[in-house]
$ cat target32.cif   # mmCIF, C-alpha atoms
data_entry
loop_
_atom_site.label_atom_id
_atom_site.label_comp_id
_atom_site.auth_asym_id
_atom_site.auth_seq_id
_atom_site.Cartn_x
_atom_site.Cartn_y
_atom_site.Cartn_z
CA MET Y 16 -7.60 -13.22 -12.64
CA SER Y 17 -4.00 -13.38 -13.84
CA SER Y 18 -1.20 -14.49 -11.51
CA THR Y 19 0.89 -11.68 -13.00
CA LEU Y 20 0.69 -8.01 -12.02
CA VAL Y 21 1.54 -5.59 -14.82
CA CYS Y 22 3.57 -2.89 -13.12
CA GLY Y 23 5.18 -0.38 -15.47
CA ARG Y 24 8.56 -1.71 -16.57
CA PHE Y 25 7.91 -4.99 -14.76
CA GLU Y 26 5.57 -7.98 -14.80
CA LEU Y 27 5.45 -9.33 -11.27
CA LYS Y 28 4.75 -12.99 -10.63
CA LEU Y 29 2.42 -13.42 -7.66
CA GLU Y 30 3.30 -17.02 -6.92
CA ARG Y 31 4.74 -15.99 -3.53
CA PRO Y 32 4.04 -13.00 -1.28
CA LEU Y 33 6.02 -9.95 -2.38
CA ILE Y 34 7.52 -7.46 0.05
CA MET Y 35 6.98 -3.75 -0.64
CA GLY Y 36 9.41 -1.59 1.33
CA ILE Y 37 8.20 1.80 2.55
CA VAL Y 38 10.23 4.91 1.71
CA ASN Y 39 8.65 7.94 3.38
CA VAL Y 40 10.19 11.16 2.08
CA THR Y 41 8.36 13.22 4.69
CA PRO Y 42 9.47 15.03 7.84
CA ASP Y 43 6.42 13.90 9.81
CA SER Y 44 5.85 10.22 9.11
CA PHE Y 45 3.88 8.60 11.92
CA SER Y 46 6.56 5.95 11.97
CA SER Y 47 9.74 7.98 11.92
CA THR Y 48 11.88 5.51 13.82
CA SER Y 49 14.26 5.35 10.87
CA PRO Y 50 14.01 8.86 9.43
CA HIS Y 51 15.02 9.14 5.81
CA PHE Y 52 13.77 12.60 4.93
CA GLY Y 53 15.74 14.14 2.08
CA THR Y 54 16.78 12.77 -1.28
CA THR Y 55 20.11 11.18 -0.42
CA ALA Y 56 18.88 9.64 2.82
CA ALA Y 57 15.75 8.29 1.11
CA ILE Y 58 17.71 6.72 -1.74
CA ASP Y 59 20.20 5.15 0.66
CA HIS Y 60 17.36 3.80 2.78
CA ALA Y 61 15.60 2.39 -0.30
CA ARG Y 62 18.72 0.56 -1.43
CA ARG Y 63 19.11 -0.92 2.05
CA LEU Y 64 15.53 -2.20 1.86
CA ILE Y 65 16.28 -3.86 -1.49
CA ALA Y 66 19.36 -5.50 0.00
CA GLU Y 67 17.15 -6.77 2.84
CA GLY Y 68 14.77 -8.42 0.37
CA ALA Y 69 12.30 -5.80 -0.83
CA ASP Y 70 10.70 -6.84 -4.12
CA MET Y 71 9.36 -3.34 -4.73
CA LEU Y 72 9.36 0.10 -3.10
CA ASP Y 73 6.57 2.52 -2.16
CA ILE Y 74 7.72 6.16 -2.19
CA GLY Y 75 5.61 8.76 -0.41
CA GLY Y 76 6.02 12.52 -0.19
CA GLU Y 77 2.96 13.28 1.93
CA SER Y 78 2.01 11.77 5.26
CA THR Y 79 -1.45 10.19 5.31
CA ARG Y 80 -1.40 9.17 8.95
CA PRO Y 81 -4.57 10.02 10.93
CA GLY Y 82 -4.81 13.76 11.48
CA ALA Y 83 -2.21 14.59 8.84
CA GLU Y 84 -2.40 17.97 7.13
CA PRO Y 85 -2.26 17.96 3.31
CA VAL Y 86 0.76 19.36 1.47
CA PRO Y 87 0.82 21.14 -1.90
CA ALA Y 88 1.49 19.07 -5.01
CA ALA Y 89 4.62 21.12 -5.67
CA THR Y 90 6.06 20.15 -2.29
CA GLU Y 91 5.21 16.49 -2.81
CA LEU Y 92 6.86 16.52 -6.24
CA GLU Y 93 9.94 18.25 -4.91
CA ARG Y 94 10.33 15.43 -2.41
CA ILE Y 95 9.65 12.39 -4.57
CA LEU Y 96 10.88 13.13 -8.10
CA PRO Y 97 14.62 13.10 -7.25
CA VAL Y 98 14.11 9.85 -5.32
CA ILE Y 99 12.36 8.20 -8.27
CA GLU Y 100 15.10 9.34 -10.62
CA GLY Y 101 17.78 8.13 -8.21
CA LEU Y 102 16.26 4.65 -8.02
CA LEU Y 103 15.43 3.96 -11.66
CA ASP Y 104 18.42 1.64 -11.86
CA ALA Y 105 17.56 -0.21 -8.64
CA GLY Y 106 16.01 -3.18 -10.45
CA VAL Y 107 12.67 -3.20 -8.62
CA PRO Y 108 9.31 -1.55 -9.33
CA LEU Y 109 8.86 1.93 -7.89
CA SER Y 110 5.41 2.69 -6.51
CA VAL Y 111 4.35 6.23 -5.61
CA ASP Y 112 1.93 6.77 -2.75
CA THR Y 113 -0.18 9.75 -3.87
CA PHE Y 114 -3.77 10.77 -4.51
CA LYS Y 115 -3.06 13.91 -6.57
CA PRO Y 116 -3.51 13.51 -10.35
CA GLU Y 117 -0.77 16.07 -11.06
CA VAL Y 118 1.67 14.11 -8.93
CA MET Y 119 0.61 10.86 -10.59
CA ARG Y 120 1.34 12.26 -14.05
CA ARG Y 121 4.72 13.68 -13.13
CA ALA Y 122 5.74 10.55 -11.22
CA LEU Y 123 4.86 8.31 -14.15
CA ALA Y 124 6.72 10.60 -16.54
CA ALA Y 125 9.75 10.29 -14.25
CA GLY Y 126 9.61 6.49 -14.45
CA ALA Y 127 7.37 5.29 -11.60
CA ASP Y 128 5.87 1.84 -12.12
CA MET Y 129 2.84 1.94 -9.81
CA ILE Y 130 0.47 4.45 -8.28
CA ASN Y 131 -0.81 3.65 -4.79
CA ASP Y 132 -3.90 5.86 -4.21
CA ILE Y 133 -5.56 5.99 -0.81
CA TYR Y 134 -8.63 7.56 -2.45
CA GLY Y 135 -8.98 4.69 -4.93
CA PHE Y 136 -8.67 6.98 -7.97
CA ARG Y 137 -11.85 8.85 -7.07
CA ARG Y 138 -10.48 12.37 -7.34
CA GLU Y 139 -11.20 14.30 -10.50
CA GLY Y 140 -8.54 13.60 -13.10
CA ALA Y 141 -7.04 10.57 -11.34
CA LEU Y 142 -8.29 8.01 -13.85
CA ASP Y 143 -7.19 10.15 -16.77
CA ALA Y 144 -3.73 10.48 -15.20
CA VAL Y 145 -3.13 6.73 -15.17
CA ALA Y 146 -5.35 5.19 -17.84
CA GLN Y 147 -2.94 5.38 -20.77
CA SER Y 148 0.15 4.14 -18.95
CA HIS Y 149 1.17 0.59 -18.09
CA CYS Y 150 1.60 1.28 -14.39
CA GLY Y 151 0.20 -0.90 -11.65
CA LEU Y 152 -2.69 0.58 -9.69
CA CYS Y 153 -3.34 -0.03 -6.00
CA VAL Y 154 -6.98 0.75 -5.18
CA MET Y 155 -7.48 1.34 -1.46
CA HIS Y 156 -10.61 1.63 0.66
CA MET Y 157 -10.83 4.66 2.92
CA GLN Y 158 -13.78 6.11 4.80
CA GLY Y 159 -13.45 9.88 5.07
CA GLU Y 160 -10.09 11.64 4.61
CA PRO Y 161 -6.78 11.42 6.49
CA LYS Y 162 -7.31 14.51 8.63
CA THR Y 163 -10.60 13.25 10.13
CA MET Y 164 -10.96 9.58 9.16
CA GLN Y 165 -10.35 8.17 12.63
CA GLN Y 166 -12.69 10.47 14.55
CA ALA Y 167 -15.84 8.35 14.31
CA PRO Y 168 -15.75 5.63 11.64
CA ARG Y 169 -19.08 3.84 11.28
CA TYR Y 170 -20.28 0.91 9.21
CA ASP Y 171 -23.42 -1.20 9.05
CA ASP Y 172 -21.33 -4.09 7.68
CA VAL Y 173 -17.66 -3.25 7.29
CA LEU Y 174 -16.82 -6.38 5.26
CA ARG Y 175 -19.60 -5.82 2.77
CA GLU Y 176 -18.98 -2.10 2.50
CA VAL Y 177 -15.25 -2.48 1.93
CA GLY Y 178 -15.90 -5.13 -0.72
CA ASP Y 179 -18.61 -3.10 -2.44
CA PHE Y 180 -16.43 -0.01 -2.54
CA LEU Y 181 -13.46 -1.84 -4.02
CA GLN Y 182 -15.55 -3.53 -6.68
CA ALA Y 183 -17.16 -0.23 -7.66
CA ARG Y 184 -13.72 1.28 -8.10
CA VAL Y 185 -12.52 -1.72 -10.11
CA GLN Y 186 -15.53 -1.30 -12.38
CA ALA Y 187 -14.68 2.39 -12.86
CA LEU Y 188 -11.10 1.49 -13.77
CA ARG Y 189 -12.17 -1.22 -16.16
CA GLU Y 190 -14.67 1.14 -17.83
CA ALA Y 191 -11.77 3.57 -18.30
CA GLY Y 192 -10.05 0.88 -20.36
CA ILE Y 193 -7.56 -0.23 -17.71
CA ASP Y 194 -6.27 -3.80 -18.03
CA SER Y 195 -7.36 -5.97 -15.10
CA ARG Y 196 -3.77 -7.22 -14.77
CA ARG Y 197 -2.72 -3.75 -13.59
CA ILE Y 198 -5.04 -3.71 -10.55
CA VAL Y 199 -4.35 -4.69 -6.94
CA LEU Y 200 -6.67 -4.08 -3.97
CA ASP Y 201 -6.00 -2.75 -0.46
CA PRO Y 202 -8.71 -2.95 2.26
CA GLY Y 203 -7.22 0.12 3.94
CA PHE Y 204 -6.18 -0.87 7.44
CA GLY Y 205 -6.26 2.20 9.66
CA PHE Y 206 -8.03 4.38 7.11
CA GLY Y 207 -11.40 5.18 8.62
CA LYS Y 208 -11.65 2.03 10.75
CA THR Y 209 -11.59 1.30 14.47
CA PRO Y 210 -9.09 -1.27 15.82
CA GLN Y 211 -11.93 -3.78 16.10
CA GLN Y 212 -12.95 -3.17 12.49
CA ASN Y 213 -9.34 -3.48 11.32
CA TYR Y 214 -8.96 -6.87 12.98
CA LEU Y 215 -12.31 -8.06 11.69
CA VAL Y 216 -11.27 -7.17 8.14
CA LEU Y 217 -7.96 -9.01 8.58
CA ARG Y 218 -9.50 -12.03 10.28
CA ARG Y 219 -12.18 -12.39 7.61
CA LEU Y 220 -10.29 -11.14 4.58
CA ASN Y 221 -11.37 -14.23 2.67
CA ASP Y 222 -15.01 -13.22 3.18
CA ILE Y 223 -14.46 -10.04 1.16
CA ASP Y 224 -15.06 -10.90 -2.48
CA SER Y 225 -11.99 -9.62 -4.32
CA LYS Y 226 -13.20 -11.09 -7.61
CA GLY Y 227 -9.79 -12.67 -7.95
CA TYR Y 228 -7.82 -9.41 -7.81
CA PRO Y 229 -4.66 -9.61 -5.69
CA TRP Y 230 -4.51 -8.14 -2.19
CA LEU Y 231 -1.94 -5.60 -1.02
CA LEU Y 232 -1.95 -5.27 2.77
CA GLY Y 233 -0.38 -2.47 4.82
CA MET Y 234 -0.44 -2.90 8.60
CA SER Y 235 3.19 -2.22 9.47
CA ARG Y 236 3.60 -0.26 12.74
CA LYS Y 237 0.05 1.10 12.52
CA SER Y 238 -2.09 2.02 15.50
CA MET Y 239 -3.99 -1.28 15.19
CA ILE Y 240 -0.73 -2.97 16.26
CA GLY Y 241 -0.18 -0.52 19.09
CA HIS Y 242 -3.76 -0.96 20.26
CA VAL Y 243 -3.09 -4.63 21.01
CA THR Y 244 0.54 -4.47 22.12
CA GLY Y 245 0.52 -1.11 23.88
CA ARG Y 246 3.80 -0.24 22.18
CA PRO Y 247 4.86 2.91 20.27
CA PRO Y 248 5.66 2.68 16.53
CA ALA Y 249 9.37 2.02 17.12
CA GLU Y 250 8.54 -1.11 19.11
CA ARG Y 251 5.86 -2.66 16.90
CA LEU Y 252 8.07 -5.00 14.87
CA GLY Y 253 6.81 -8.24 16.44
CA GLY Y 254 3.18 -7.27 16.16
CA SER Y 255 3.64 -6.05 12.59
CA VAL Y 256 5.25 -9.32 11.50
CA ALA Y 257 2.45 -11.30 13.16
CA ALA Y 258 -0.14 -9.26 11.28
CA ALA Y 259 1.77 -9.73 8.02
CA LEU Y 260 1.80 -13.51 8.44
CA ALA Y 261 -1.91 -13.50 9.26
CA GLY Y 262 -2.40 -11.65 6.00
CA VAL Y 263 -0.29 -14.14 4.06
CA ALA Y 264 -2.28 -17.01 5.56
CA ARG Y 265 -5.42 -15.33 4.19
CA GLY Y 266 -4.08 -14.82 0.70
CA ALA Y 267 -2.13 -11.55 0.71
CA HIS Y 268 -0.01 -11.14 -2.42
CA ILE Y 269 1.93 -7.99 -1.44
CA LEU Y 270 2.93 -6.81 2.05
CA ARG Y 271 3.71 -3.11 2.48
CA VAL Y 272 6.16 -2.91 5.39
CA HIS Y 273 8.82 -0.80 7.10
CA ASP Y 274 10.84 -3.75 8.42
CA VAL Y 275 11.74 -5.64 5.27
CA ALA Y 276 14.38 -8.07 6.56
CA ALA Y 277 12.30 -9.38 9.47
CA THR Y 278 9.15 -9.67 7.37
CA ALA Y 279 10.95 -11.40 4.51
CA ASP Y 280 12.50 -13.94 6.92
CA ALA Y 281 9.14 -14.60 8.55
CA VAL Y 282 7.44 -15.16 5.20
CA LYS Y 283 10.19 -17.57 4.10
CA VAL Y 284 9.77 -19.63 7.25
CA TRP Y 285 5.98 -19.58 6.88
CA GLN Y 286 6.33 -20.84 3.30
CA ALA Y 287 8.72 -23.59 4.41
CA ILE Y 288 6.18 -24.75 7.00
CA GLU Y 289 3.08 -24.49 4.87
CA HIS Y 290 4.36 -25.34 1.40
CA GLY Y 291 7.76 -26.98 1.82
CA THR Y 292 9.35 -24.04 0.00
CA TYR Y 293 12.93 -23.73 1.21
CA VAL Y 294 14.48 -21.36 -1.35
#
$ encode --input "target32.cif" --output "structure tokens"
Amino acid sequence: MSSTLVCGRFELKLERPLIMGIVNVTPDSFSSTSPHFGTTAAIDHARRLIAEGADMLDIGGESTRPGAEPVPAATELERILPVIEGLLDAGVPLSVDTFKPEVMRRALAAGADMINDIYGFRREGALDAVAQSHCGLCVMHMQGEPKTMQQAPRYDDVLREVGDFLQARVQALREAGIDSRRIVLDPGFGFGKTPQQNYLVLRRLNDIDSKGYPWLLGMSRKSMIGHVTGRPPAERLGGSVAAALAGVARGAHILRVHDVAATADAVKVWQAIEHGTYV
């Protein structure tokens, strides 16, 4: 696969791990330690993340934490569209975290560069919403749905099943005429997986056949970190950075994080140690 990710207005080189900063435009984010609900606060927060080293941003208008209730598309659009428009001059790709085809279409029309879909573009109309654009596409694995996904996740072989699911979705995207250079994969930490399953997926990420597609990993402040550390979301920085570096060591190309500055510093030091990269 290509070492370049086609992402709307941008072509991203994947020669080093990229940092994707999280911008939750929701009043009920599971990780609301730095609340930025509302257009002005979200835009200000996003610009701070860029100053801290974010290579791209992921904007979300609906919480998908375990147990979250869905919100109408109109509400989601009301939250995210002004933020997209306010960041078009920010100089980094803007990803939108949504699974609703209507929101995908409107976000892309507003200038978004990537769609990050927790359902892996399975919902009716999702492929049609993105096929004709040049946006990047993050295909995530999830068992179940956000409201109930953590109640009793079960797998015969979680590594095989995650890999099979992702490859089936890639095939569907490719059959829809989507350029392979637009696709990135996410194993879906915390989405229908127990803590043990999450850590198995991370530990053996290289055993999941990605067919050369890049990995996007999102573990920042999630319950898998709290399960090990015993700390609430506001105090999961150290654990989140450790997980991010474990992901980088196993080939992660993009890290989706809340704490951009700390993660970016950690990745730079890791690269200096492993590759002699000092800039």
$ resolve_selection --input "target32.cif" --expression "the PyMOL selection byres ((chain Y and resi 31-33) around 9)" --output "JSON, numbers by chain"
{"Y": [27, 28, 29, 30, 34, 35, 69, 70, 71, 263, 266, 267, 268, 269, 270, 271, 279, 282, 286]}
$ write_last_selection --input "target32.cif" --atoms "C-alpha atoms" --output "PDB file, keeping the file's coordinate frame"
ATOM      1  CA  LEU Y  27       5.450  -9.330 -11.270  1.00  0.00           C
ATOM      2  CA  LYS Y  28       4.750 -12.990 -10.630  1.00  0.00           C
ATOM      3  CA  LEU Y  29       2.420 -13.420  -7.660  1.00  0.00           C
ATOM      4  CA  GLU Y  30       3.300 -17.020  -6.920  1.00  0.00           C
ATOM      5  CA  ILE Y  34       7.520  -7.460   0.050  1.00  0.00           C
ATOM      6  CA  MET Y  35       6.980  -3.750  -0.640  1.00  0.00           C
ATOM      7  CA  ALA Y  69      12.300  -5.800  -0.830  1.00  0.00           C
ATOM      8  CA  ASP Y  70      10.700  -6.840  -4.120  1.00  0.00           C
ATOM      9  CA  MET Y  71       9.360  -3.340  -4.730  1.00  0.00           C
ATOM     10  CA  VAL Y 263      -0.290 -14.140   4.060  1.00  0.00           C
ATOM     11  CA  GLY Y 266      -4.080 -14.820   0.700  1.00  0.00           C
ATOM     12  CA  ALA Y 267      -2.130 -11.550   0.710  1.00  0.00           C
ATOM     13  CA  HIS Y 268      -0.010 -11.140  -2.420  1.00  0.00           C
ATOM     14  CA  ILE Y 269       1.930  -7.990  -1.440  1.00  0.00           C
ATOM     15  CA  LEU Y 270       2.930  -6.810   2.050  1.00  0.00           C
ATOM     16  CA  ARG Y 271       3.710  -3.110   2.480  1.00  0.00           C
ATOM     17  CA  ALA Y 279      10.950 -11.400   4.510  1.00  0.00           C
ATOM     18  CA  VAL Y 282       7.440 -15.160   5.200  1.00  0.00           C
ATOM     19  CA  GLN Y 286       6.330 -20.840   3.300  1.00  0.00           C
TER      20      GLN Y 286
END
$ atom_distance --input "target32.cif" --atom1 "CA of Ser225 (chain Y)" --atom2 "CA of Ile198 (chain Y)"
11.0 Å
$ resolve_selection --input "target32.cif" --expression "the PyMOL selection byres ((chain Y and resi 276) around 12)" --output "list of chain:residue names"
Y:Ile34, Y:Met35, Y:Gly36, Y:Arg63, Y:Leu64, Y:Ile65, Y:Ala66, Y:Glu67, Y:Gly68, Y:Ala69, Y:Asp70, Y:Leu252, Y:Val256, Y:Val272, Y:His273, Y:Asp274, Y:Val275, Y:Ala277, Y:Thr278, Y:Ala279, Y:Asp280, Y:Ala281, Y:Val282, Y:Lys283
$ closest_residue --input "target32.cif" --among "Y:Ala261, Y:Ala83, Y:Val40, Y:Leu20" --to "Gln165 (chain Y)" --atoms "all atoms listed in the file"
Y:Ala83
$ residues_around --input "target32.cif" --residues "region 171-185 of chain Y" --least-positions-apart "3" --cutoff "8 Å" --atoms "all atoms listed in the file" --output "list in words"
Gly135, Phe136, Arg137, Val154, Met155, His156, Leu188, Arg189, Ile198, Leu200, Pro202, Gln212, Val216, Arg219, Asp222, Ile223, Asp224, Ser225 and Lys226 of chain Y
$ write_last_selection --input "target32.cif" --atoms "C-alpha atoms" --output "mmCIF file, keeping the file's coordinate frame"
data_model
loop_
_atom_site.group_PDB
_atom_site.id
_atom_site.type_symbol
_atom_site.label_atom_id
_atom_site.label_comp_id
_atom_site.auth_asym_id
_atom_site.auth_seq_id
_atom_site.Cartn_x
_atom_site.Cartn_y
_atom_site.Cartn_z
ATOM 1 C CA GLY Y 135 -8.980 4.690 -4.930
ATOM 2 C CA PHE Y 136 -8.670 6.980 -7.970
ATOM 3 C CA ARG Y 137 -11.850 8.850 -7.070
ATOM 4 C CA VAL Y 154 -6.980 0.750 -5.180
ATOM 5 C CA MET Y 155 -7.480 1.340 -1.460
ATOM 6 C CA HIS Y 156 -10.610 1.630 0.660
ATOM 7 C CA LEU Y 188 -11.100 1.490 -13.770
ATOM 8 C CA ARG Y 189 -12.170 -1.220 -16.160
ATOM 9 C CA ILE Y 198 -5.040 -3.710 -10.550
ATOM 10 C CA LEU Y 200 -6.670 -4.080 -3.970
ATOM 11 C CA PRO Y 202 -8.710 -2.950 2.260
ATOM 12 C CA GLN Y 212 -12.950 -3.170 12.490
ATOM 13 C CA VAL Y 216 -11.270 -7.170 8.140
ATOM 14 C CA ARG Y 219 -12.180 -12.390 7.610
ATOM 15 C CA ASP Y 222 -15.010 -13.220 3.180
ATOM 16 C CA ILE Y 223 -14.460 -10.040 1.160
ATOM 17 C CA ASP Y 224 -15.060 -10.900 -2.480
ATOM 18 C CA SER Y 225 -11.990 -9.620 -4.320
ATOM 19 C CA LYS Y 226 -13.200 -11.090 -7.610
#
$ atom_distance --input "target32.cif" --atom1 "CA of Leu109 (chain Y)" --atom2 "CA of Phe204 (chain Y)"
21.7 Å
$ atom_distance --input "target32.cif" --atom1 "CA of Pro85 (chain Y)" --atom2 "CA of Ala127 (chain Y)"
21.8 Å
$ axis_aligned_box --input "target32.cif" --around "region 271-280 of chain Y" --padding-each-side "8 Å" --output "JSON"
{"center_x": 9.0, "center_y": -7.4, "center_z": 6.0, "size_x": 26.7, "size_y": 29.1, "size_z": 23.0}
$ closest_residue --input "target32.cif" --among "Y:Tyr214, Y:Phe114, Y:Trp285, Y:Tyr170" --to "Cys153 (chain Y)" --atoms "all atoms listed in the file"
Y:Phe114
